[in-house]
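Colleague: So I've got this file, final10.cif, and it contains mmCIF, C-alpha atoms:
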data_final
#
loop_
_atom_site.group_PDB
_atom_site.id
_atom_site.type_symbol
_atom_site.label_atom_id
_atom_site.label_comp_id
_atom_site.auth_asym_id
_atom_site.auth_seq_id
_atom_site.Cartn_x
_atom_site.Cartn_y
_atom_site.Cartn_z
ATOM 1 C CA THR A 1 20.248 -91.279 1.124
ATOM 2 C CA GLY A 2 21.267 -88.564 -1.310
ATOM 3 C CA GLN A 3 24.983 -88.920 -0.656
ATOM 4 C CA GLY A 4 26.893 -87.909 -3.780
ATOM 5 C CA VAL A 5 23.870 -86.215 -5.360
ATOM 6 C CA ASP A 6 24.545 -82.821 -6.918
ATOM 7 C CA TRP A 7 21.658 -80.941 -5.325
ATOM 8 C CA ALA A 8 22.885 -77.711 -6.923
ATOM 9 C CA ALA A 9 21.943 -79.199 -10.316
ATOM 10 C CA LEU A 10 18.296 -78.839 -9.280
ATOM 11 C CA ARG A 11 18.770 -75.164 -8.420
ATOM 12 C CA PRO A 12 17.783 -73.846 -11.895
ATOM 13 C CA LEU A 13 14.467 -75.696 -11.599
ATOM 14 C CA ALA A 14 13.840 -74.209 -8.163
ATOM 15 C CA ASP A 15 14.846 -70.780 -9.469
ATOM 16 C CA ALA A 16 12.354 -71.142 -12.336
ATOM 17 C CA THR A 17 9.519 -71.556 -9.814
ATOM 18 C CA ALA A 18 10.684 -68.436 -7.970
ATOM 19 C CA THR A 19 10.876 -66.430 -11.213
ATOM 20 C CA ALA A 20 7.390 -67.468 -12.312
ATOM 21 C CA ALA A 21 5.997 -66.739 -8.838
ATOM 22 C CA ALA A 22 7.573 -63.277 -8.796
ATOM 23 C CA ARG A 23 5.961 -62.515 -12.176
ATOM 24 C CA GLY A 24 2.588 -63.799 -10.951
ATOM 25 C CA ASP A 25 2.675 -66.310 -13.813
ATOM 26 C CA ARG A 26 0.479 -69.089 -12.406
ATOM 27 C CA ALA A 27 0.671 -71.310 -15.502
ATOM 28 C CA GLY A 28 4.444 -70.909 -15.704
ATOM 29 C CA TYR A 29 4.707 -71.598 -11.996
ATOM 30 C CA ALA A 30 2.620 -74.766 -12.280
ATOM 31 C CA GLU A 31 4.863 -76.141 -15.034
ATOM 32 C CA ALA A 32 8.090 -75.158 -13.263
ATOM 33 C CA ASP A 33 6.790 -76.624 -10.001
ATOM 34 C CA ARG A 34 5.976 -79.945 -11.650
ATOM 35 C CA ALA A 35 9.407 -80.002 -13.334
ATOM 36 C CA PHE A 36 11.145 -79.434 -9.984
ATOM 37 C CA HIS A 37 9.164 -82.165 -8.248
ATOM 38 C CA ARG A 38 9.668 -84.591 -11.174
ATOM 39 C CA ALA A 39 13.444 -84.046 -11.143
ATOM 40 C CA LEU A 40 13.619 -84.443 -7.375
ATOM 41 C CA LEU A 41 11.621 -87.680 -7.416
ATOM 42 C CA ALA A 42 13.554 -88.997 -10.424
ATOM 43 C CA LEU A 43 16.551 -89.241 -8.116
ATOM 44 C CA THR A 44 14.782 -92.129 -6.363
ATOM 45 C CA GLY A 45 15.146 -94.218 -9.523
ATOM 46 C CA ASN A 46 11.487 -95.228 -9.218
ATOM 47 C CA HIS A 47 9.941 -94.336 -12.596
ATOM 48 C CA GLN A 48 6.449 -95.465 -11.549
ATOM 49 C CA LEU A 49 6.559 -93.179 -8.494
ATOM 50 C CA VAL A 50 7.538 -90.252 -10.728
ATOM 51 C CA LEU A 51 4.636 -90.912 -13.128
ATOM 52 C CA ILE A 52 2.001 -91.355 -10.431
ATOM 53 C CA THR A 53 3.166 -88.373 -8.406
ATOM 54 C CA ASP A 54 3.371 -86.157 -11.494
ATOM 55 C CA ASP A 55 -0.205 -87.064 -12.424
ATOM 56 C CA LEU A 56 -1.453 -86.348 -8.891
ATOM 57 C CA HIS A 57 0.518 -83.094 -8.789
ATOM 58 C CA ARG A 58 -0.946 -81.983 -12.136
ATOM 59 C CA ARG A 59 -4.485 -82.759 -10.969
ATOM 60 C CA SER A 60 -4.022 -80.925 -7.681
ATOM 61 C CA GLN A 61 -2.843 -77.811 -9.519
ATOM 62 C CA ALA A 62 -5.881 -77.683 -11.804
ATOM 63 C CA PRO A 63 -8.193 -75.008 -10.437
ATOM 64 C CA ALA A 64 -11.491 -76.400 -9.226
ATOM 65 C CA PRO A 65 -14.597 -74.429 -10.171
ATOM 66 C CA HIS A 66 -15.399 -71.582 -7.760
ATOM 67 C CA THR A 67 -12.096 -71.813 -5.883
ATOM 68 C CA PRO A 68 -9.658 -68.931 -5.768
ATOM 69 C CA SER A 69 -6.316 -69.440 -7.489
ATOM 70 C CA ALA A 70 -3.158 -69.350 -5.453
ATOM 71 C CA ARG A 71 -2.071 -65.819 -4.608
ATOM 72 C CA PRO A 72 1.347 -64.627 -5.789
ATOM 73 C CA ALA A 73 2.515 -64.562 -2.152
ATOM 74 C CA ASP A 74 1.542 -68.232 -1.794
ATOM 75 C CA LEU A 75 3.442 -69.121 -4.956
ATOM 76 C CA MET A 76 6.501 -67.242 -3.713
ATOM 77 C CA ALA A 77 6.343 -69.057 -0.368
ATOM 78 C CA ASP A 78 6.148 -72.417 -2.146
ATOM 79 C CA ALA A 79 9.097 -71.460 -4.358
ATOM 80 C CA ALA A 80 11.092 -70.501 -1.253
ATOM 81 C CA ASP A 81 10.322 -73.985 0.129
ATOM 82 C CA HIS A 82 12.066 -75.518 -2.901
ATOM 83 C CA LEU A 83 15.237 -73.544 -2.272
ATOM 84 C CA ALA A 84 15.194 -74.299 1.460
ATOM 85 C CA LEU A 85 14.668 -77.991 0.695
ATOM 86 C CA LEU A 86 17.701 -78.095 -1.599
ATOM 87 C CA GLU A 87 19.829 -76.414 1.061
ATOM 88 C CA ALA A 88 18.693 -78.889 3.728
ATOM 89 C CA LEU A 89 19.297 -81.854 1.405
ATOM 90 C CA ALA A 90 22.792 -80.615 0.542
ATOM 91 C CA ALA A 91 23.541 -80.237 4.267
ATOM 92 C CA GLN A 92 22.033 -83.687 4.946
ATOM 93 C CA ASP A 93 19.802 -82.039 7.546
ATOM 94 C CA PHE A 94 17.100 -84.671 7.322
ATOM 95 C CA ALA A 95 15.035 -83.357 10.251
ATOM 96 C CA THR A 96 14.623 -80.082 8.366
ATOM 97 C CA VAL A 97 13.953 -81.962 5.122
ATOM 98 C CA GLU A 98 11.133 -83.880 6.813
ATOM 99 C CA THR A 99 9.623 -80.693 8.251
ATOM 100 C CA LEU A 100 9.843 -78.825 4.944
ATOM 101 C CA VAL A 101 8.351 -81.660 2.917
ATOM 102 C CA THR A 102 5.498 -82.118 5.377
ATOM 103 C CA GLU A 103 4.711 -78.396 5.425
ATOM 104 C CA HIS A 104 5.059 -78.081 1.650
ATOM 105 C CA CYS A 105 2.792 -81.022 0.904
ATOM 106 C CA THR A 106 0.131 -80.139 3.469
ATOM 107 C CA GLY A 107 0.234 -76.376 3.008
ATOM 108 C CA THR A 108 0.958 -75.768 6.669
ATOM 109 C CA ALA A 109 3.771 -73.863 8.271
ATOM 110 C CA GLY A 110 5.279 -74.919 11.570
#
Let me see the structure of the file written as structure tokens.
Modeller:
Amino acid sequence: TGQGVDWAALRPLADATATAAARGDRAGYAEADRAFHRALLALTGNHQLVLITDDLHRRSQAPAPHTPSARPADLMADAADHLALLEALAAQDFATVETLVTEHCTGTAG
């Protein structure tokens, strides 16, 4: 349930997504985003889940032909989600964690 996990250790990875987003560096953001999600999922101890999710995440970030790339504001909002998620996990506020994960993964805001 995340008890005893040092959520602050993931902060540099979340900060890297925010830095790349602020620079408008889409490629850097994509790599930092995948690294954050990989590290977060690695805490489950399920290596297969990490591999499958990383592959799906990588594919979803690849721009499809004739589709606009994510705007810097969208990248910054996603990066802010990472920081909010870490804060909610550290506080063991699982209702907020569920809301943030759902919104982050579906691209919707409550």
Colleague: With all atoms listed in the file as the counted atoms, please give the residues lying no more than 8 Å from stretch 83-89 of chain A, apart from itself and same-chain residues fewer than 4 positions off, as a JSON list (two decimals) with C-alpha atoms, in the coordinates of the input.
Modeller:
[["chain", "number", "residue", "atom", "x", "y", "z"],
["A", 2, "GLY", "CA", 21.27, -88.56, -1.31],
["A", 7, "TRP", "CA", 21.66, -80.94, -5.32],
["A", 8, "ALA", "CA", 22.88, -77.71, -6.92],
["A", 10, "LEU", "CA", 18.30, -78.84, -9.28],
["A", 11, "ARG", "CA", 18.77, -75.16, -8.42],
["A", 14, "ALA", "CA", 13.84, -74.21, -8.16],
["A", 15, "ASP", "CA", 14.85, -70.78, -9.47],
["A", 79, "ALA", "CA", 9.10, -71.46, -4.36],
["A", 93, "ASP", "CA", 19.80, -82.04, 7.55],
["A", 94, "PHE", "CA", 17.10, -84.67, 7.32],
["A", 96, "THR", "CA", 14.62, -80.08, 8.37],
["A", 97, "VAL", "CA", 13.95, -81.96, 5.12],
["A", 100, "LEU", "CA", 9.84, -78.82, 4.94],
["A", 101, "VAL", "CA", 8.35, -81.66, 2.92]]
Colleague: List as an NGL selection string the protein and nucleic acid residues near stretch 30-40 of chain A, meaning an atom at most 12 Å away when only C-alpha atoms are counted, but skip any in the same chain fewer than 6 places from it.
Modeller: :A and (2 or 5-21 or 24 or 46-63 or 69-70 or 75-76 or 78-83 or 85-86 or 89 or 101 or 104-105)
Colleague: By how many Å are atom CA of A:Arg26 and atom CA of A:Arg71 apart?
Modeller: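 Atom CA of A:Arg71 lies at a distance of 8.8 Å from atom CA of A:Arg26.
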Colleague: Between atom CA of A:Ala90 and atom CA of A:Gly4, what is the spacing in Å?
Modeller: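 Those two atoms sit 9.4 Å apart.
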Colleague: With the input short on atoms, add N, CA, C and O atoms back to stretch 69-94 of chain A and write it as a short mmCIF file (atom, residue, chain, number, x, y, z; two decimals), in the frame of the given file.
Modeller:
data_model
loop_
_atom_site.label_atom_id
_atom_site.label_comp_id
_atom_site.auth_asym_id
_atom_site.auth_seq_id
_atom_site.Cartn_x
_atom_site.Cartn_y
_atom_site.Cartn_z
N SER A 69 -7.65 -68.97 -7.11
CA SER A 69 -6.32 -69.44 -7.49
C SER A 69 -5.33 -69.03 -6.40
O SER A 69 -5.60 -68.13 -5.61
N ALA A 70 -4.21 -69.69 -6.42
CA ALA A 70 -3.16 -69.35 -5.45
C ALA A 70 -2.74 -67.90 -5.65
O ALA A 70 -2.61 -67.42 -6.77
N ARG A 71 -2.53 -67.21 -4.56
CA ARG A 71 -2.07 -65.82 -4.61
C ARG A 71 -0.58 -65.80 -4.91
O ARG A 71 0.13 -66.75 -4.58
N PRO A 72 -0.09 -64.71 -5.52
CA PRO A 72 1.35 -64.63 -5.79
C PRO A 72 2.19 -64.86 -4.53
O PRO A 72 3.24 -65.50 -4.60
N ALA A 73 1.75 -64.36 -3.39
CA ALA A 73 2.52 -64.56 -2.15
C ALA A 73 2.60 -66.05 -1.79
O ALA A 73 3.63 -66.51 -1.30
N ASP A 74 1.53 -66.79 -2.06
CA ASP A 74 1.54 -68.23 -1.79
C ASP A 74 2.52 -68.94 -2.72
O ASP A 74 3.25 -69.85 -2.31
N LEU A 75 2.52 -68.52 -4.00
CA LEU A 75 3.44 -69.12 -4.96
C LEU A 75 4.88 -68.83 -4.56
O LEU A 75 5.75 -69.71 -4.63
N MET A 76 5.14 -67.61 -4.12
CA MET A 76 6.50 -67.24 -3.71
C MET A 76 6.93 -68.03 -2.48
O MET A 76 8.09 -68.44 -2.38
N ALA A 77 6.01 -68.26 -1.55
CA ALA A 77 6.34 -69.06 -0.37
C ALA A 77 6.66 -70.50 -0.75
O ALA A 77 7.61 -71.10 -0.23
N ASP A 78 5.87 -71.06 -1.68
CA ASP A 78 6.15 -72.42 -2.15
C ASP A 78 7.50 -72.49 -2.85
O ASP A 78 8.26 -73.45 -2.66
N ALA A 79 7.81 -71.48 -3.66
CA ALA A 79 9.10 -71.46 -4.36
C ALA A 79 10.24 -71.38 -3.36
O ALA A 79 11.28 -72.03 -3.53
N ALA A 80 10.07 -70.60 -2.30
CA ALA A 80 11.09 -70.50 -1.25
C ALA A 80 11.29 -71.85 -0.57
O ALA A 80 12.42 -72.20 -0.19
N ASP A 81 10.21 -72.63 -0.44
CA ASP A 81 10.32 -73.98 0.13
C ASP A 81 11.28 -74.84 -0.70
O ASP A 81 12.05 -75.63 -0.15
N HIS A 82 11.20 -74.72 -2.03
CA HIS A 82 12.07 -75.52 -2.90
C HIS A 82 13.53 -75.21 -2.63
O HIS A 82 14.35 -76.13 -2.52
N LEU A 83 13.85 -73.94 -2.52
CA LEU A 83 15.24 -73.54 -2.27
C LEU A 83 15.71 -74.00 -0.90
O LEU A 83 16.82 -74.51 -0.74
N ALA A 84 14.84 -73.86 0.11
CA ALA A 84 15.19 -74.30 1.46
C ALA A 84 15.39 -75.82 1.49
O ALA A 84 16.29 -76.32 2.17
N LEU A 85 14.55 -76.54 0.75
CA LEU A 85 14.67 -77.99 0.70
C LEU A 85 16.01 -78.41 0.10
O LEU A 85 16.69 -79.29 0.63
N LEU A 86 16.41 -77.76 -0.99
CA LEU A 86 17.70 -78.10 -1.60
C LEU A 86 18.85 -77.83 -0.63
O LEU A 86 19.79 -78.62 -0.55
N GLU A 87 18.77 -76.72 0.09
CA GLU A 87 19.83 -76.41 1.06
C GLU A 87 19.89 -77.47 2.16
O GLU A 87 20.97 -77.91 2.57
N ALA A 88 18.73 -77.88 2.66
CA ALA A 88 18.69 -78.89 3.73
C ALA A 88 19.18 -80.24 3.22
O ALA A 88 19.90 -80.96 3.93
N LEU A 89 18.82 -80.60 1.98
CA LEU A 89 19.30 -81.85 1.40
C LEU A 89 20.81 -81.84 1.24
O LEU A 89 21.49 -82.82 1.56
N ALA A 90 21.34 -80.73 0.74
CA ALA A 90 22.79 -80.61 0.54
C ALA A 90 23.53 -80.72 1.87
O ALA A 90 24.62 -81.30 1.95
N ALA A 91 22.92 -80.19 2.93
CA ALA A 91 23.54 -80.24 4.27
C ALA A 91 23.26 -81.56 4.98
O ALA A 91 23.73 -81.77 6.10
N GLN A 92 22.48 -82.43 4.35
CA GLN A 92 22.03 -83.69 4.95
C GLN A 92 21.35 -83.46 6.29
O GLN A 92 21.50 -84.24 7.23
N ASP A 93 20.59 -82.38 6.36
CA ASP A 93 19.80 -82.04 7.55
C ASP A 93 18.41 -82.64 7.37
O ASP A 93 17.47 -81.98 6.96
N PHE A 94 18.30 -83.94 7.65
CA PHE A 94 17.10 -84.67 7.32
C PHE A 94 15.90 -84.33 8.21
O PHE A 94 14.76 -84.48 7.78
#
